[in-house]
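Below is input-v7.cif, holding mmCIF, C-alpha atoms.
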data_model
#
loop_
_atom_site.label_atom_id
_atom_site.label_comp_id
_atom_site.auth_asym_id
_atom_site.auth_seq_id
_atom_site.Cartn_x
_atom_site.Cartn_y
_atom_site.Cartn_z
CA MET G 1 7.42 -28.80 -45.12
CA LYS G 2 6.61 -28.91 -48.82
CA THR G 3 2.91 -29.04 -48.02
CA GLN G 4 3.25 -26.01 -45.75
CA LEU G 5 5.07 -24.07 -48.49
CA PHE G 6 2.41 -25.07 -51.02
CA VAL G 7 -0.39 -23.91 -48.71
CA THR G 8 1.41 -20.61 -48.05
CA ILE G 9 1.92 -19.95 -51.77
CA ILE G 10 -1.70 -20.81 -52.57
CA THR G 11 -2.95 -18.61 -49.70
CA GLY G 12 -0.73 -15.78 -50.89
CA LEU G 13 -1.95 -16.08 -54.45
CA VAL G 14 -5.56 -16.11 -53.28
CA CYS G 15 -4.93 -12.96 -51.25
CA ILE G 16 -3.19 -11.19 -54.10
CA THR G 17 -5.93 -12.02 -56.58
CA ALA G 18 -8.62 -11.19 -54.04
CA ILE G 19 -7.35 -7.64 -53.48
CA PRO G 20 -7.96 -6.28 -56.97
CA VAL G 21 -11.36 -7.99 -57.09
CA ALA G 22 -12.33 -6.37 -53.80
CA ALA G 23 -10.85 -3.08 -54.88
CA LYS G 24 -12.88 -3.16 -58.05
CA ALA G 25 -15.88 -2.65 -55.81
CA GLN G 26 -14.59 0.85 -55.09
CA GLU G 27 -14.07 1.77 -58.71
CA ARG G 28 -16.38 4.25 -60.38
CA THR G 29 -18.02 5.25 -57.16
CA LEU G 30 -18.60 8.71 -55.84
CA GLN G 31 -17.46 9.04 -52.25
CA LEU G 32 -17.77 11.75 -49.64
CA ASP G 33 -15.55 12.10 -46.62
CA ILE G 34 -16.36 14.50 -43.82
CA ASN G 35 -13.83 15.16 -41.11
CA TYR G 36 -13.37 17.07 -37.91
CA SER G 37 -10.11 19.00 -38.15
CA VAL G 38 -7.61 20.58 -35.81
CA ASN G 39 -5.22 23.13 -37.32
CA ILE G 40 -1.95 24.58 -36.05
CA PRO G 41 -0.79 27.94 -37.48
CA SER G 42 2.77 28.14 -38.77
CA GLY G 43 5.09 30.70 -40.38
CA SER G 44 3.88 34.28 -40.67
CA PHE G 45 0.37 33.23 -39.62
CA LYS G 46 1.78 32.12 -36.28
CA THR G 47 4.16 35.03 -35.71
CA ASP G 48 2.04 37.90 -37.09
CA ALA G 49 -1.59 37.02 -36.34
CA ILE G 50 -2.57 33.91 -34.39
CA ASP G 51 -0.41 31.25 -32.75
CA LYS G 52 -3.23 29.36 -31.04
CA THR G 53 -4.28 25.96 -32.35
CA SER G 54 -7.79 25.90 -33.78
CA PHE G 55 -10.13 23.14 -32.64
CA ARG G 56 -13.07 24.51 -34.62
CA GLY G 57 -13.13 23.18 -38.12
CA TRP G 58 -14.03 20.56 -40.65
CA THR G 59 -13.03 19.36 -44.07
CA ALA G 60 -15.00 17.52 -46.72
CA ASN G 61 -13.96 15.88 -49.97
CA LEU G 62 -16.20 14.68 -52.75
CA LEU G 63 -14.14 12.20 -54.76
CA TYR G 64 -14.80 9.99 -57.75
CA ASN G 65 -12.75 6.80 -57.95
CA ILE G 66 -11.59 6.66 -61.55
CA THR G 67 -9.52 3.55 -60.82
CA ASP G 68 -9.11 1.46 -57.70
CA LYS G 69 -6.11 3.65 -56.81
CA ILE G 70 -6.85 7.11 -58.14
CA SER G 71 -9.64 9.49 -57.17
CA VAL G 72 -10.36 13.01 -58.33
CA GLY G 73 -12.84 15.55 -57.05
CA LEU G 74 -13.40 18.61 -54.91
CA GLY G 75 -12.28 19.44 -51.41
CA THR G 76 -13.52 22.15 -49.08
CA GLY G 77 -13.59 22.98 -45.39
CA PHE G 78 -13.92 25.58 -42.71
CA GLN G 79 -11.51 26.53 -39.96
CA ASP G 80 -11.96 29.22 -37.35
CA PHE G 81 -8.79 30.71 -35.87
CA TYR G 82 -9.04 33.10 -32.94
CA GLN G 83 -6.75 34.80 -30.48
CA LYS G 84 -7.20 37.56 -27.95
CA TYR G 85 -4.17 39.58 -26.92
CA PRO G 86 -3.94 41.41 -23.56
CA ARG G 87 -4.38 45.17 -23.52
CA ALA G 88 -1.49 47.00 -25.16
CA VAL G 89 -0.81 50.41 -26.69
CA TYR G 90 -0.57 50.53 -30.49
CA LYS G 91 0.58 53.43 -32.68
CA LEU G 92 -2.08 54.53 -35.12
CA ASP G 93 -1.09 55.02 -38.77
CA GLU G 94 -2.70 58.44 -38.80
CA GLY G 95 -0.89 59.52 -35.60
CA GLY G 96 -1.74 59.03 -31.97
CA GLU G 97 -2.01 55.90 -29.90
CA VAL G 98 -4.73 53.45 -29.03
CA SER G 99 -4.83 51.21 -26.01
CA ALA G 100 -6.94 48.14 -26.67
CA VAL G 101 -7.48 44.47 -26.16
CA LEU G 102 -6.81 43.20 -29.68
CA SER G 103 -8.60 40.13 -31.02
CA ASN G 104 -7.80 38.46 -34.32
CA SER G 105 -10.46 36.23 -35.83
CA ILE G 106 -9.70 34.47 -39.12
CA GLN G 107 -11.82 31.95 -41.00
CA THR G 108 -10.44 30.05 -43.96
CA ILE G 109 -12.76 28.34 -46.42
CA PRO G 110 -10.78 26.63 -49.20
CA LEU G 111 -12.30 25.18 -52.37
CA LEU G 112 -9.82 22.82 -54.01
CA ALA G 113 -9.55 20.50 -56.97
CA GLN G 114 -8.33 17.25 -55.43
CA VAL G 115 -6.52 14.14 -56.52
CA GLN G 116 -5.78 11.16 -54.27
CA TYR G 117 -3.72 8.03 -54.74
CA ARG G 118 -4.35 4.90 -52.63
CA PHE G 119 -1.43 2.53 -52.12
CA MET G 120 -3.16 -0.64 -50.96
CA PRO G 121 -6.76 -0.67 -52.18
CA GLY G 122 -8.76 -3.50 -50.66
CA SER G 123 -6.58 -3.94 -47.59
CA ILE G 124 -7.69 -3.41 -44.00
CA VAL G 125 -5.73 -0.17 -43.75
CA GLN G 126 -5.37 1.82 -46.93
CA PRO G 127 -2.71 4.56 -46.91
CA TYR G 128 -3.16 7.37 -49.41
CA VAL G 129 -1.59 10.64 -50.46
CA GLY G 130 -3.31 13.53 -52.10
CA VAL G 131 -3.06 17.11 -53.14
CA GLY G 132 -5.61 19.86 -53.56
CA VAL G 133 -5.13 23.12 -55.43
CA GLY G 134 -7.56 26.00 -55.69
CA GLY G 135 -8.86 29.10 -53.96
CA ASN G 136 -9.28 30.15 -50.37
CA MET G 137 -11.95 32.46 -49.02
CA VAL G 138 -10.46 34.33 -46.06
CA VAL G 139 -12.54 36.33 -43.60
CA TYR G 140 -10.34 38.44 -41.36
CA ASP G 141 -11.81 40.40 -38.46
CA GLN G 142 -9.53 42.44 -36.26
CA TYR G 143 -11.19 43.81 -33.15
CA LEU G 144 -9.87 46.70 -31.10
CA GLY G 145 -11.93 46.25 -27.96
CA GLU G 146 -15.44 45.68 -29.31
CA PHE G 147 -14.81 47.55 -32.55
CA ASP G 148 -14.51 45.33 -35.58
CA ASN G 149 -12.53 45.92 -38.74
CA SER G 150 -13.67 43.22 -41.12
CA LYS G 151 -12.40 42.26 -44.55
CA SER G 152 -12.78 39.33 -46.87
CA SER G 153 -10.55 38.18 -49.69
CA PHE G 154 -10.08 35.26 -52.05
CA LYS G 155 -6.56 33.83 -52.33
CA PHE G 156 -4.69 30.81 -53.64
CA ALA G 157 -4.52 27.63 -51.59
CA ALA G 158 -2.84 24.23 -51.89
CA ARG G 159 -3.19 21.24 -49.58
CA PRO G 160 -0.78 18.30 -49.81
CA MET G 161 -1.96 15.53 -47.55
CA ALA G 162 -1.41 11.95 -46.44
CA GLY G 163 -3.86 9.70 -44.67
CA LEU G 164 -5.26 6.32 -43.87
CA PHE G 165 -8.61 4.87 -44.81
CA VAL G 166 -9.84 2.06 -42.58
CA PRO G 167 -12.99 0.35 -43.96
CA PHE G 168 -15.69 -0.63 -41.48
CA ARG G 169 -15.78 -4.08 -43.01
CA LYS G 170 -13.30 -5.76 -45.28
CA ASP G 171 -13.63 -4.53 -48.87
CA GLY G 172 -16.34 -2.11 -47.78
CA PRO G 173 -16.52 1.36 -49.31
CA ALA G 174 -17.35 3.14 -46.01
CA GLY G 175 -14.94 3.61 -43.15
CA ILE G 176 -12.82 5.82 -40.95
CA ASN G 177 -10.63 8.46 -42.53
CA ILE G 178 -7.57 9.88 -40.77
CA TYR G 179 -5.27 12.43 -42.34
CA GLY G 180 -2.52 14.96 -41.86
CA ALA G 181 -2.15 17.92 -44.22
CA TYR G 182 -0.31 21.14 -44.76
CA ASN G 183 -2.43 24.08 -45.84
CA TYR G 184 -0.36 26.39 -48.01
CA MET G 185 -2.27 29.67 -48.00
CA PRO G 186 -0.51 32.83 -49.22
CA TYR G 187 -2.15 36.00 -47.90
CA LYS G 188 0.16 39.05 -48.20
CA SER G 189 -2.15 41.54 -46.58
CA ASP G 190 -2.47 43.35 -43.24
CA GLY G 191 1.17 42.60 -42.42
CA ILE G 192 0.63 38.84 -42.72
CA ASP G 193 2.54 36.97 -45.45
CA ASN G 194 0.59 33.74 -45.28
CA LEU G 195 -1.98 31.75 -43.34
CA ASN G 196 -0.08 28.47 -43.65
CA ASN G 197 -1.07 25.83 -41.14
CA TRP G 198 -0.71 22.16 -40.28
CA SER G 199 -3.88 20.18 -40.10
CA THR G 200 -4.94 16.84 -38.79
CA GLY G 201 -8.38 15.33 -38.93
CA ILE G 202 -10.56 12.32 -38.43
CA GLY G 203 -13.86 11.53 -40.04
CA ILE G 204 -15.82 9.08 -42.06
CA LYS G 205 -15.93 8.23 -45.71
CA PHE G 206 -18.96 6.75 -47.41
CA PRO G 207 -20.23 6.13 -50.93
CA LEU G 208 -22.93 8.35 -52.39
CA ARG G 209 -23.82 5.93 -55.18
CA MET N 210 -34.03 6.27 -48.33
CA LYS N 211 -31.84 4.98 -45.53
CA LYS N 212 -28.83 5.57 -47.76
CA ILE N 213 -29.55 9.25 -48.08
CA VAL N 214 -30.50 9.91 -44.44
CA VAL N 215 -27.07 9.18 -42.99
CA PRO N 216 -25.16 11.48 -45.37
CA VAL N 217 -27.72 14.25 -44.94
CA LEU N 218 -27.47 14.00 -41.17
CA LEU N 219 -23.70 14.05 -41.37
CA ILE N 220 -23.63 17.05 -43.69
CA THR N 221 -26.04 18.90 -41.42
CA GLY N 222 -23.82 18.13 -38.45
CA VAL N 223 -20.74 19.35 -40.24
CA LEU N 224 -22.42 22.53 -41.40
CA ALA N 225 -23.50 23.12 -37.80
CA LEU N 226 -19.83 22.98 -36.89
CA SER N 227 -19.20 25.90 -39.21
CA SER N 228 -21.35 28.06 -37.00
CA CYS N 229 -18.92 27.36 -34.17
CA ARG N 230 -17.02 30.53 -34.91
CA LYS N 231 -15.80 32.07 -31.71
CA ASP N 232 -17.36 35.54 -31.51
CA PRO N 233 -14.59 37.91 -30.42
CA ALA N 234 -17.02 40.61 -29.23
CA LYS N 235 -18.76 38.15 -26.90
CA ASN N 236 -15.46 36.95 -25.54
CA LEU N 237 -14.58 40.29 -23.94
CA SER N 238 -15.07 40.88 -20.27
CA GLY N 239 -15.07 43.92 -17.98
CA ASP N 240 -13.29 46.89 -19.49
CA GLU N 241 -11.84 44.83 -22.36
CA THR N 242 -14.51 46.28 -24.65
CA LEU N 243 -13.15 49.78 -24.12
CA ILE N 244 -10.53 51.43 -26.26
CA TYR N 245 -8.50 54.47 -25.26
CA ILE N 246 -7.32 56.77 -28.05
CA THR N 247 -4.95 59.69 -27.58
CA ASN N 248 -3.60 62.32 -29.94
CA HIS N 249 -1.26 65.21 -29.22
CA SER N 250 0.54 68.07 -30.87
CA ASP N 251 4.13 67.09 -31.69
CA SER N 252 5.35 70.70 -31.52
CA VAL N 253 4.38 71.22 -27.89
CA ASN N 254 6.66 70.77 -24.91
CA PHE N 255 4.40 69.59 -22.12
CA ASN N 256 7.03 70.61 -19.53
CA SER N 257 6.37 74.25 -20.32
CA PHE N 258 2.93 74.19 -18.67
CA HIS N 259 2.41 74.30 -14.93
CA THR N 260 -1.22 75.06 -14.11
CA PHE N 261 -4.56 73.84 -15.37
CA SER N 262 -8.25 74.46 -14.96
CA ILE N 263 -11.09 72.12 -15.89
CA ALA N 264 -14.68 72.98 -16.83
CA ASP N 265 -17.05 72.21 -13.96
CA SER N 266 -19.59 70.40 -16.12
CA VAL N 267 -19.67 68.15 -19.17
CA ALA N 268 -20.91 69.06 -22.63
CA VAL N 269 -23.40 66.58 -24.08
CA ILE N 270 -23.22 66.26 -27.86
CA SER N 271 -25.69 64.03 -29.67
CA ASN N 272 -25.32 63.36 -33.38
CA GLY N 273 -23.30 66.55 -33.82
CA GLU N 274 -25.74 68.74 -31.89
CA PHE N 275 -24.96 70.42 -28.58
CA MET N 276 -27.61 69.28 -26.10
CA GLY N 277 -26.43 71.30 -23.09
CA LYS N 278 -24.19 70.95 -20.05
CA ALA N 279 -24.62 68.31 -17.41
CA LEU N 280 -23.06 67.15 -14.20
CA THR N 281 -24.22 63.65 -13.37
CA GLY N 282 -22.38 61.34 -11.03
CA VAL N 283 -20.49 59.87 -13.98
CA ASP N 284 -19.56 63.34 -15.27
CA ALA N 285 -18.19 64.30 -11.85
CA ALA N 286 -16.23 61.05 -11.68
CA TYR N 287 -14.54 61.79 -15.01
CA ILE N 288 -13.77 65.42 -14.04
CA ASN N 289 -12.25 64.30 -10.76
CA ALA N 290 -10.25 61.58 -12.48
CA VAL N 291 -8.70 64.15 -14.86
CA LYS N 292 -7.85 66.42 -11.93
CA ASP N 293 -6.16 63.51 -10.13
CA GLN N 294 -4.12 62.45 -13.13
CA LEU N 295 -2.82 65.92 -13.95
CA THR N 296 -2.02 66.64 -10.31
CA GLN N 297 -0.06 63.37 -10.13
CA ARG N 298 1.88 64.47 -13.21
CA GLY N 299 3.01 67.69 -11.53
CA TYR N 300 0.41 70.22 -12.67
CA THR N 301 -1.43 72.54 -10.28
CA LEU N 302 -5.19 72.99 -10.37
CA VAL N 303 -6.23 76.65 -10.35
CA ALA N 304 -9.50 78.50 -10.88
CA LYS N 305 -10.22 79.52 -14.45
CA ASP N 306 -9.79 83.24 -13.53
CA GLN N 307 -6.25 82.59 -12.30
CA SER N 308 -4.73 82.40 -15.80
CA PRO N 309 -4.28 78.63 -16.09
CA ASP N 310 -1.75 77.40 -18.65
CA LEU N 311 -4.09 74.61 -19.73
CA GLY N 312 -7.86 74.60 -20.18
CA ILE N 313 -9.65 71.25 -20.09
CA THR N 314 -13.09 70.26 -21.29
CA VAL N 315 -14.89 66.94 -21.02
CA SER N 316 -17.63 65.96 -23.47
CA ARG N 317 -20.06 63.11 -23.75
CA ILE N 318 -20.63 62.20 -27.38
CA TYR N 319 -23.52 60.10 -28.65
CA ASN N 320 -23.91 58.89 -32.18
CA THR N 321 -27.07 57.11 -33.16
CA SER N 322 -27.32 55.04 -36.29
CA THR N 323 -30.78 54.13 -37.46
CA GLY N 324 -32.18 51.73 -39.97
CA VAL N 325 -35.47 50.37 -41.20
CA PHE N 326 -36.77 46.83 -41.26
CA ASP N 327 -39.21 46.30 -44.05
CA TYR N 328 -41.63 43.76 -42.66
CA GLY N 329 -43.40 43.73 -46.00
CA SER N 330 -40.51 42.14 -47.83
CA TYR N 331 -41.34 38.64 -46.66
CA TRP N 332 -44.84 38.55 -48.06
CA ASP N 333 -44.59 40.47 -51.29
CA PRO N 334 -45.47 39.09 -53.79
CA TYR N 335 -45.74 35.41 -52.88
CA TYR N 336 -47.88 35.40 -49.76
CA GLY N 337 -50.79 33.90 -51.67
CA SER N 338 -48.65 30.89 -52.51
CA TYR N 339 -47.73 30.38 -48.85
CA TRP N 340 -51.31 30.84 -47.64
CA ASP N 341 -53.72 30.30 -50.46
CA PRO N 342 -56.79 32.59 -49.99
CA TYR N 343 -58.83 29.53 -50.94
CA TYR N 344 -58.11 28.25 -47.43
CA TRP N 345 -60.39 30.98 -46.09
CA GLY N 346 -62.99 30.30 -48.67
CA TYR N 347 -61.96 33.27 -50.82
CA GLY N 348 -60.27 31.62 -53.79
CA GLY N 349 -59.01 34.17 -56.32
CA TYR N 350 -58.75 37.00 -53.80
CA GLY N 351 -55.41 38.70 -53.06
CA TYR N 352 -53.84 39.64 -49.78
CA TYR N 353 -53.29 43.25 -48.81
CA PHE N 354 -50.87 44.49 -46.20
CA PRO N 355 -50.89 48.14 -45.07
CA ALA N 356 -47.90 50.04 -46.47
CA SER N 357 -46.98 51.26 -42.99
CA TYR N 358 -45.64 47.87 -41.92
CA TYR N 359 -42.11 49.02 -41.24
CA GLY N 360 -40.04 48.81 -38.13
CA THR N 361 -37.12 50.97 -37.19
CA TYR N 362 -34.15 50.25 -35.03
CA SER N 363 -31.50 52.49 -33.62
CA ILE N 364 -28.14 51.87 -32.04
CA THR N 365 -26.56 54.57 -29.93
CA GLU N 366 -22.84 54.48 -29.38
CA GLY N 367 -21.29 56.64 -26.72
CA ALA N 368 -17.83 58.05 -26.32
CA LEU N 369 -16.17 60.32 -23.80
CA SER N 370 -13.73 62.95 -24.96
CA ILE N 371 -11.23 64.96 -22.93
CA ASP N 372 -9.70 67.93 -24.75
CA ILE N 373 -6.83 70.03 -23.46
CA PHE N 374 -6.09 73.52 -24.85
CA ASN N 375 -3.07 75.81 -24.65
CA LEU N 376 -4.32 78.92 -22.84
CA LYS N 377 -0.82 80.15 -21.99
CA ASP N 378 -0.02 81.10 -25.60
CA ALA N 379 -3.56 81.98 -26.66
CA LYS N 380 -2.91 85.70 -26.77
CA GLN N 381 0.12 85.32 -29.06
CA THR N 382 -1.51 82.82 -31.40
CA ASN N 383 -5.04 84.22 -31.21
CA LYS N 384 -6.22 80.62 -30.98
CA LEU N 385 -7.03 78.06 -28.35
CA ASN N 386 -4.79 75.36 -29.73
CA ASN N 387 -5.68 71.80 -28.82
CA ILE N 388 -2.51 70.12 -27.60
CA TRP N 389 -3.96 66.80 -26.42
CA SER N 390 -7.15 64.81 -26.85
CA GLY N 391 -8.22 61.61 -25.23
CA LEU N 392 -11.19 59.52 -26.31
CA ILE N 393 -12.75 56.54 -24.56
CA ARG N 394 -15.07 54.35 -26.63
CA GLY N 395 -16.93 51.15 -25.96
CA SER N 396 -19.67 49.57 -23.87
CA GLY N 397 -19.68 50.81 -20.32
CA VAL N 398 -17.90 54.06 -21.06
CA PHE N 399 -20.53 55.89 -19.02
CA GLY N 400 -20.22 53.58 -16.08
CA GLN N 401 -18.93 55.41 -13.02
CA ALA N 402 -16.65 52.51 -12.15
CA ASN N 403 -14.73 52.89 -15.42
CA ALA N 404 -13.99 56.63 -15.04
CA ALA N 405 -10.81 56.55 -12.92
CA GLY N 406 -9.29 53.57 -14.76
CA GLY N 407 -10.16 54.96 -18.18
CA VAL N 408 -8.66 58.38 -17.58
CA LYS N 409 -5.56 56.80 -16.02
CA ALA N 410 -5.15 54.63 -19.13
CA LEU N 411 -5.29 57.72 -21.37
CA PHE N 412 -2.56 59.50 -19.43
CA ASP N 413 -0.47 56.36 -18.89
CA GLN N 414 -0.11 55.96 -22.65
CA SER N 415 0.87 59.66 -22.92
CA THR N 416 4.21 59.36 -21.18
CA TYR N 417 5.33 62.76 -22.51
CA PHE N 418 2.54 64.47 -20.55
CA LYS N 419 4.23 65.67 -17.36
CA ALA N 420 5.18 69.03 -15.81
CA SER N 421 8.76 68.13 -15.04
#
Kindly present the structure from the file in structure tokens form.
Amino acid sequence: MKTQLFVTIITGLVCITAIPVAAKAQERTLQLDINYSVNIPSGSFKTDAIDKTSFRGWTANLLYNITDKISVGLGTGFQDFYQKYPRAVYKLDEGGEVSAVLSNSIQTIPLLAQVQYRFMPGSIVQPYVGVGVGGNMVVYDQYLGEFDNSKSSFKFAARPMAGLFVPFRKDGPAGINIYGAYNYMPYKSDGIDNLNNWSTGIGIKFPLR
Amino acid sequence: MKKIVVPVLLITGVLALSSCRKDPAKNLSGDETLIYITNHSDSVNFNSFHTFSIADSVAVISNGEFMGKALTGVDAAYINAVKDQLTQRGYTLVAKDQSPDLGITVSRIYNTSTGVFDYGSYWDPYYGSYWDPYYWGYGGYGYYFPASYYGTYSITEGALSIDIFNLKDAKQTNKLNNIWSGLIRGSGVFGQANAAGGVKALFDQSTYFKAS
């Protein structure tokens, strides 16, 4: 019994000391993660413009590991939201009515300063949380039939997120990245208060040097 | 080298995803491209009119210029569709010499936008660095492209307009007041198959337009 306890303690100590050593391997490295993303509109975005889930998008983060737990860098992405509404009659601002099939097409391209915190560096599954704050390029096309009214704007964006990093091999710097995020995107234009949306994604993370 | 290939391939793949924007214009079918616009005078009581007459041909207007009258199969289809809709709404078709309350005209409107491609812009002034004249055995020579290397393009957009005028009160007002206009725009507007449905859509969204 005593021998078993001794072995367990020794094994535990070895594991504990091994983790930081392994994690050190990730320190001071520049890493890129690229992910396929699926986004679900919420709030005013959902009620006033598009309620359909977007399956056309990606995110990418270029992060520098300043310690084995903390990374800072840049995050960007692209998401295409689209919805076609059946023919309906709309009142025109200048008087009169127009009957049209209305299509809303919105692309969001955020550029964010990012920080991430890993909870269990060196383990097989590494949970992390992060936040990105920055700007958001919004391209909004509203079609009446085939006639396009296009406008672009640059707005604020923030992206709190949580995810898991699963290395391909133990202690390796490359692996699978899975995350969930909330895109906070104020808009306040064209009768839409915000373009807030939930996002989930999967991709890979690998070191650049 | 191997280290760089994988990331480059991945980045290329991801950027390719960004071109996966769903094109709303290409995702329209049938008459979904068409829009129907109506305007009317708020001060007019449409119940006060009982008869109408419609011009027997269509005016063709191209880039603001009157090109003449026409009566193609499509024109006839639109004229007949207007007659049907007004009759269904309680108005009586009469000849234009029988003092109709309403006078109706139909016009085909074409607007052409043109532009110029400058084919020269791709070669000037660096063509010699793409294709060094030395290759032809003429090192130190320059290339010359004729200045007339331009291409033009034009896009013509068509619309069909139906205008209804108050003839009943013309003598008092000394004007032919427009009381209602309907405009159909979009691809296929001059397709015969779209005439009846298009005109019906214009009048369906003008619920106030009825004789009783």
Residues returned when the PyMOL selection byres ((chain N and resi 267-279) around 9) runs on this file, as a PDB file with C-alpha atoms, keeping the file's coordinate frame:
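What landed in out-v9.pdb:
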ATOM      1  CA  ALA N 264     -14.680  72.980 -16.830  1.00  0.00           C
ATOM      2  CA  ASP N 265     -17.050  72.210 -13.960  1.00  0.00           C
ATOM      3  CA  SER N 266     -19.590  70.400 -16.120  1.00  0.00           C
ATOM      4  CA  LEU N 280     -23.060  67.150 -14.200  1.00  0.00           C
ATOM      5  CA  THR N 281     -24.220  63.650 -13.370  1.00  0.00           C
ATOM      6  CA  ASP N 284     -19.560  63.340 -15.270  1.00  0.00           C
ATOM      7  CA  ALA N 285     -18.190  64.300 -11.850  1.00  0.00           C
ATOM      8  CA  ILE N 288     -13.770  65.420 -14.040  1.00  0.00           C
ATOM      9  CA  THR N 314     -13.090  70.260 -21.290  1.00  0.00           C
ATOM     10  CA  VAL N 315     -14.890  66.940 -21.020  1.00  0.00           C
ATOM     11  CA  SER N 316     -17.630  65.960 -23.470  1.00  0.00           C
ATOM     12  CA  ARG N 317     -20.060  63.110 -23.750  1.00  0.00           C
ATOM     13  CA  ILE N 318     -20.630  62.200 -27.380  1.00  0.00           C
ATOM     14  CA  TYR N 319     -23.520  60.100 -28.650  1.00  0.00           C
ATOM     15  CA  ASN N 320     -23.910  58.890 -32.180  1.00  0.00           C
ATOM     16  CA  THR N 321     -27.070  57.110 -33.160  1.00  0.00           C
TER      17      THR N 321
END
Carefully work through the PyMOL selection byres ((chain G) within 9 of (chain N)) for this structure and note down the residues it includes, as number ranges by chain. G: 32, 34-36, 56-60, 77-84, 86-87, 89, 95-101, 103-105, 107, 141-148, 206, 208-209
Can you tell me, as a VMD selection string, what residues are no more than 12 Å from Ala379 (chain N) when counting only C-alpha atoms, ignoring any on the same chain fewer than 3 positions away? chain N and resid 308 to 312 374 to 376 382 to 388
Using the chain letters and residue numbers of this document, give as a list in words the residues selected by the PyMOL selection byres ((chain G and resi 167) around 12).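 Applied to this file, the PyMOL selection byres ((chain G and resi 167) around 12) returns Ala22, Ala23, Gln26, Pro121, Gly122, Ser123, Ile124, Val125, Gln126, Pro127, Leu164, Phe165, Val166, Phe168, Arg169, Lys170, Asp171, Gly172, Pro173, Ala174, Gly175, Ile176, Asn177, Ile178, Gly203, Ile204, Lys205, Phe206 and Pro207 of chain G.
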Distance of CA of Ile40 (chain G) from CA of Ser150 (chain G), expressed in Å to one decimal place: 22.6 Å
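Distances to Asp68 (chain G) were evaluated for G:Met120, G:Val139, G:Ile192, G:Ala157 using all atoms listed in the file, and the minimum falls at G:Met120.
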Go ahead and fit an axis-aligned box to every listed atom of region 283-301 of chain N plus 8 Å each side, and pass me the centre and edge lengths in Å, one decimal, as lines of an AutoDock Vina configuration file.
center_x = -8.7
center_y = 66.2
center_z = -12.7
size_x = 39.5
size_y = 28.7
size_z = 21.1
Computed gap from CA of Asp48 (chain G) to CA of Ala162 (chain G) is 27.8 Å
Nearby residues (only C-alpha atoms) at most 12 Å from Phe154 (chain G), same-chain spacing under 3 positions excluded, as a ChimeraX atom specification: /G:107-111,134-140,151,157,185-189
